[in-house]
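I have placed the structure first, in the form of structure tokens, so that the comments after it can refer back to it.
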Amino acid sequence: MLMHVDNRNPDKPLHQRTHFDCRTYRVLGKNGCSQHRISAADLMEAVLADVQLHAEKAIKDKDRFIRNVMRGMGTVNRDKVKDYSDKIKKLKSEVAEADERYVKLYDDLSNGIITEGKFRLLSGKIEERQARANAEIKKLEDQIEGAEADAEAVEQFADQLAEATTIKELSSELLNRLIDKIEVSEKECVDGETVQTVRIYYRFVGALI
């Protein structure tokens with residue numbers, strides 16, 4: 001959005017003289033987007049309401065808020081982390097058992113119980129299973145590491161958001177700390193009322209439901 005200030009009535013408060021035009025329309029014209037705008041007062045009201053709404057959720061049930069945010073981000077939640085940890089434990093046990101089978105197989109070869117060709121065939125299958133298991137272990141460990149980092153970041157975001165519960169007006173410091181970008185739709189008529197959607201993308205977590 002591009003900001004425009006109307007200086008014809010300088011006695012009015014700044015937010016009452018300011019509006020935002022669609023940047024895409026201004027740059028690309030009607031082929032890029034429709035011509036629409038929103039007043040600074042309406043935008044500030046919408047953003048403040050959204051911030052307070054999610055701040056209340058973060059305070060009321062922080063754990064649930066974090067789970068919902070992480071689900072919206074498509075990241076692994078804390079419940080899944082335990083499932084992945086259990087699966088890793090099982091896979092590592094399978095790798096260890098495969099090592100024992102390999103040792104026994106080598107003993108059988110040394111004692112003449114199986115041929116060298118049979119040893120190569122069976123040991124190759126064991127190594128393939130171990131390689132698949134180790135690859136899956138690495139994948140799960142990476143997902144757990146990413147999920148833990150995401151959970152920590154979302155928890156910090158929840159704490160910052162909770163601090164905004166009692167604010168009465170937005171500040172540039174708060175906007176820069178919490179919000180990444182804001183998208184404003186064209187006005188439309190819904191059930192006889194004029195509606196304009198404001199979609200807010202918060203830093204790190206994106207849009208919240």
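Ordered as shown in the structure tokens, chains take letters A, B, and onward, while each chain numbers its residues from 1 and ligands are numbered from 1 in the order shown.
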> Can you list, as a PyMOL selection string, every protein, DNA or RNA residue that comes within 9 Å of Phe157 (chain A) when you count only C-alpha atoms, leaving out same-chain residues fewer than 6 positions away?
Replying inline: chain A and resi 178+203-205
> Would you give me, as a PyMOL selection string, the residues in region 114-187 of chain A that DSSP reads as strand (DSSP E)?
Replying inline: chain A and resi 179-184
> Could you pull out all residues of region 59-179 of chain A with a DSSP call of alpha helix (DSSP H) and give them as a PyMOL selection string?
Replying inline: chain A and resi 59-60+62-73+78-110+116-162+172-178
>> Let me make sure I understand: among A:Ala135, A:Met73, A:Ala158, A:Ala41, which one has the smallest atom-to-atom distance to Ile59 (chain A) if we use only C-alpha atoms?
In response: A:Ala158
Polymer residues at most 8 Å from Ala98 (chain A), only C-alpha atoms, same-chain spacing of 3 or more positions, as a CSV table (one decimal) with N, CA, C and O atoms, in the first residue's frame:
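File written: part.csv
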chain,number,residue,atom,x,y,z
A,94,GLU,N,16.3,-51.1,15.4
A,94,GLU,CA,16.4,-51.9,14.2
A,94,GLU,C,17.8,-51.9,13.6
A,94,GLU,O,18.3,-52.9,13.1
A,95,VAL,N,18.5,-50.7,13.6
A,95,VAL,CA,19.8,-50.6,13.1
A,95,VAL,C,20.8,-51.5,13.9
A,95,VAL,O,21.6,-52.2,13.4
A,101,ARG,N,22.8,-59.1,13.2
A,101,ARG,CA,22.6,-60.0,12.1
A,101,ARG,C,23.8,-60.1,11.2
A,101,ARG,O,24.2,-61.2,10.7
A,102,TYR,N,24.4,-58.9,10.9
A,102,TYR,CA,25.6,-58.9,10.1
A,102,TYR,C,26.7,-59.7,10.7
A,102,TYR,O,27.4,-60.4,10.0
A,126,ILE,N,20.9,-56.4,4.3
A,126,ILE,CA,21.0,-55.8,5.6
A,126,ILE,C,21.5,-54.4,5.5
A,126,ILE,O,21.0,-53.5,6.1
A,130,GLN,N,19.6,-50.9,6.6
A,130,GLN,CA,20.2,-50.0,7.5
A,130,GLN,C,20.3,-48.6,6.9
A,130,GLN,O,20.1,-47.6,7.6
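Across the model, the gap from CA of Leu43 (chain A) to CA of Arg199 (chain A) is 10.4 Å.
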>> List as a ChimeraX atom specification the protein and nucleic acid residues near Leu109 (chain A), meaning an atom at most 7 Å away when only C-alpha atoms are counted, but skip any in the same chain fewer than 6 places from it.
In response: /A:115-116,119
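Residues with any atom within 12 Å of Glu152 (chain A), counting only C-alpha atoms and excluding same-chain neighbours fewer than 6 positions away, are Asp63, Ile66, Arg67, Met70, Asn77, Arg78, Glu145, Gly146, Ala158, Asp159, Phe204 and Val205 of chain A.
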Selection export as a CSV table (one decimal), in the first residue's frame, atoms kept: N, CA and C atoms:
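Output (selection.csv):
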chain,number,residue,atom,x,y,z
A,63,ASP,N,-0.7,-22.5,25.5
A,63,ASP,CA,-0.3,-23.8,24.8
A,63,ASP,C,-1.2,-24.0,23.6
A,66,ILE,N,-0.3,-21.7,20.8
A,66,ILE,CA,1.0,-22.1,20.1
A,66,ILE,C,0.7,-23.3,19.2
A,67,ARG,N,-0.1,-24.2,19.6
A,67,ARG,CA,-0.4,-25.4,18.8
A,67,ARG,C,-1.2,-25.0,17.5
A,70,MET,N,1.2,-23.1,15.1
A,70,MET,CA,2.1,-24.1,14.5
A,70,MET,C,1.4,-24.9,13.4
A,77,ASN,N,4.0,-30.1,15.4
A,77,ASN,CA,3.7,-29.7,16.8
A,77,ASN,C,4.3,-30.5,17.8
A,78,ARG,N,4.2,-30.2,19.1
A,78,ARG,CA,4.9,-30.8,20.1
A,78,ARG,C,4.4,-32.3,20.3
A,145,GLU,N,14.3,-31.0,15.2
A,145,GLU,CA,15.1,-29.8,15.4
A,145,GLU,C,14.4,-28.6,14.9
A,146,GLY,N,13.8,-28.7,13.7
A,146,GLY,CA,13.1,-27.6,13.1
A,146,GLY,C,11.8,-27.2,13.9
A,158,ALA,N,4.2,-15.3,21.0
A,158,ALA,CA,3.0,-15.3,21.9
A,158,ALA,C,3.2,-14.4,23.1
A,159,ASP,N,4.4,-14.4,23.7
A,159,ASP,CA,4.7,-13.5,24.8
A,159,ASP,C,4.7,-12.1,24.4
A,204,PHE,N,7.1,-14.0,11.3
A,204,PHE,CA,7.5,-15.4,11.4
A,204,PHE,C,6.3,-16.3,11.3
A,205,VAL,N,5.1,-16.0,11.8
A,205,VAL,CA,4.0,-16.9,11.8
A,205,VAL,C,3.0,-16.8,10.7
> What's the 10 Å shell around Ala46 (chain A), counting only C-alpha atoms, without same-chain residues fewer than 5 positions away, as a PyMOL selection string?
Replying inline: chain A and resi 40-41+51+197-200
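You can rank A:Ile114, A:Ala151, A:Cys189, A:Ala164 by their closest distance to Arg177 (chain A) using only C-alpha atoms, and at the top of that list sits A:Ala164.
Shortest atom-to-atom contact with Arg132 (chain A) among A:Lys62, A:Lys92, A:Lys104, A:Lys57: A:Lys92, counting only C-alpha atoms.
Distance-wise, CA of Asn31 (chain A) and CA of Ile182 (chain A) end up 21.1 Å apart.
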Would you kindly return, as an mmCIF file with N, CA and C atoms, in the first residue's frame, each protein, DNA or RNA residue with an atom no farther than 10 Å from any atom of region 168-176 of chain A, considering only C-alpha atoms and excluding same-chain residues fewer than 2 positions away?
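Output saved as selection27.cif:
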data_model
loop_
_atom_site.group_PDB
_atom_site.id
_atom_site.type_symbol
_atom_site.label_atom_id
_atom_site.label_comp_id
_atom_site.auth_asym_id
_atom_site.auth_seq_id
_atom_site.Cartn_x
_atom_site.Cartn_y
_atom_site.Cartn_z
ATOM 1 N N MET A 44 -6.020 1.298 11.039
ATOM 2 C CA MET A 44 -5.525 1.214 12.412
ATOM 3 C C MET A 44 -6.524 0.497 13.310
ATOM 4 N N GLU A 45 -7.801 0.778 13.095
ATOM 5 C CA GLU A 45 -8.839 0.120 13.890
ATOM 6 C C GLU A 45 -8.859 -1.381 13.640
ATOM 7 N N VAL A 47 -6.382 -3.318 12.441
ATOM 8 C CA VAL A 47 -5.149 -3.944 12.929
ATOM 9 C C VAL A 47 -5.164 -4.053 14.448
ATOM 10 N N LEU A 48 -5.581 -2.998 15.119
ATOM 11 C CA LEU A 48 -5.637 -3.013 16.582
ATOM 12 C C LEU A 48 -6.589 -4.102 17.071
ATOM 13 N N ALA A 49 -7.744 -4.233 16.425
ATOM 14 C CA ALA A 49 -8.723 -5.251 16.815
ATOM 15 C C ALA A 49 -8.146 -6.648 16.633
ATOM 16 N N VAL A 51 -4.902 -7.543 16.565
ATOM 17 C CA VAL A 51 -3.826 -7.739 17.549
ATOM 18 C C VAL A 51 -4.417 -8.087 18.912
ATOM 19 N N GLN A 52 -5.421 -7.345 19.343
ATOM 20 C CA GLN A 52 -6.030 -7.597 20.652
ATOM 21 C C GLN A 52 -6.743 -8.946 20.703
ATOM 22 N N GLN A 160 5.223 -11.779 23.212
ATOM 23 C CA GLN A 160 5.197 -10.398 22.718
ATOM 24 C C GLN A 160 3.768 -9.948 22.430
ATOM 25 N N LEU A 161 2.987 -10.856 21.860
ATOM 26 C CA LEU A 161 1.602 -10.524 21.525
ATOM 27 C C LEU A 161 0.784 -10.278 22.793
ATOM 28 N N ALA A 164 0.436 -6.899 24.265
ATOM 29 C CA ALA A 164 -0.370 -5.893 23.563
ATOM 30 C C ALA A 164 -1.849 -5.931 23.944
ATOM 31 N N THR A 165 -2.196 -6.736 24.926
ATOM 32 C CA THR A 165 -3.611 -6.909 25.280
ATOM 33 C C THR A 165 -4.278 -5.597 25.680
ATOM 34 N N THR A 166 -3.590 -4.777 26.418
ATOM 35 C CA THR A 166 -4.219 -3.575 26.989
ATOM 36 C C THR A 166 -3.924 -2.298 26.205
ATOM 37 N N LEU A 178 5.755 -6.681 15.512
ATOM 38 C CA LEU A 178 4.818 -7.788 15.376
ATOM 39 C C LEU A 178 4.397 -8.106 13.946
ATOM 40 N N ILE A 179 4.335 -7.106 13.092
ATOM 41 C CA ILE A 179 3.674 -7.284 11.800
ATOM 42 C C ILE A 179 4.651 -7.229 10.635
ATOM 43 N N ASP A 180 4.482 -8.184 9.732
ATOM 44 C CA ASP A 180 5.332 -8.269 8.546
ATOM 45 C C ASP A 180 4.735 -7.468 7.387
ATOM 46 N N LYS A 181 3.470 -7.728 7.087
ATOM 47 C CA LYS A 181 2.799 -6.999 6.010
ATOM 48 C C LYS A 181 1.292 -7.055 6.206
ATOM 49 N N TYR A 202 1.666 -11.644 10.425
ATOM 50 C CA TYR A 202 2.563 -11.383 11.558
ATOM 51 C C TYR A 202 3.961 -11.949 11.270
ATOM 52 N N ARG A 203 4.943 -11.330 11.896
ATOM 53 C CA ARG A 203 6.319 -11.752 11.680
ATOM 54 C C ARG A 203 6.492 -13.211 12.104
#
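Minimum distance to Asp108 (chain A) across A:Asn68, A:Thr194, A:Thr18, A:Ser123 (counting only C-alpha atoms) occurs at A:Ser123.
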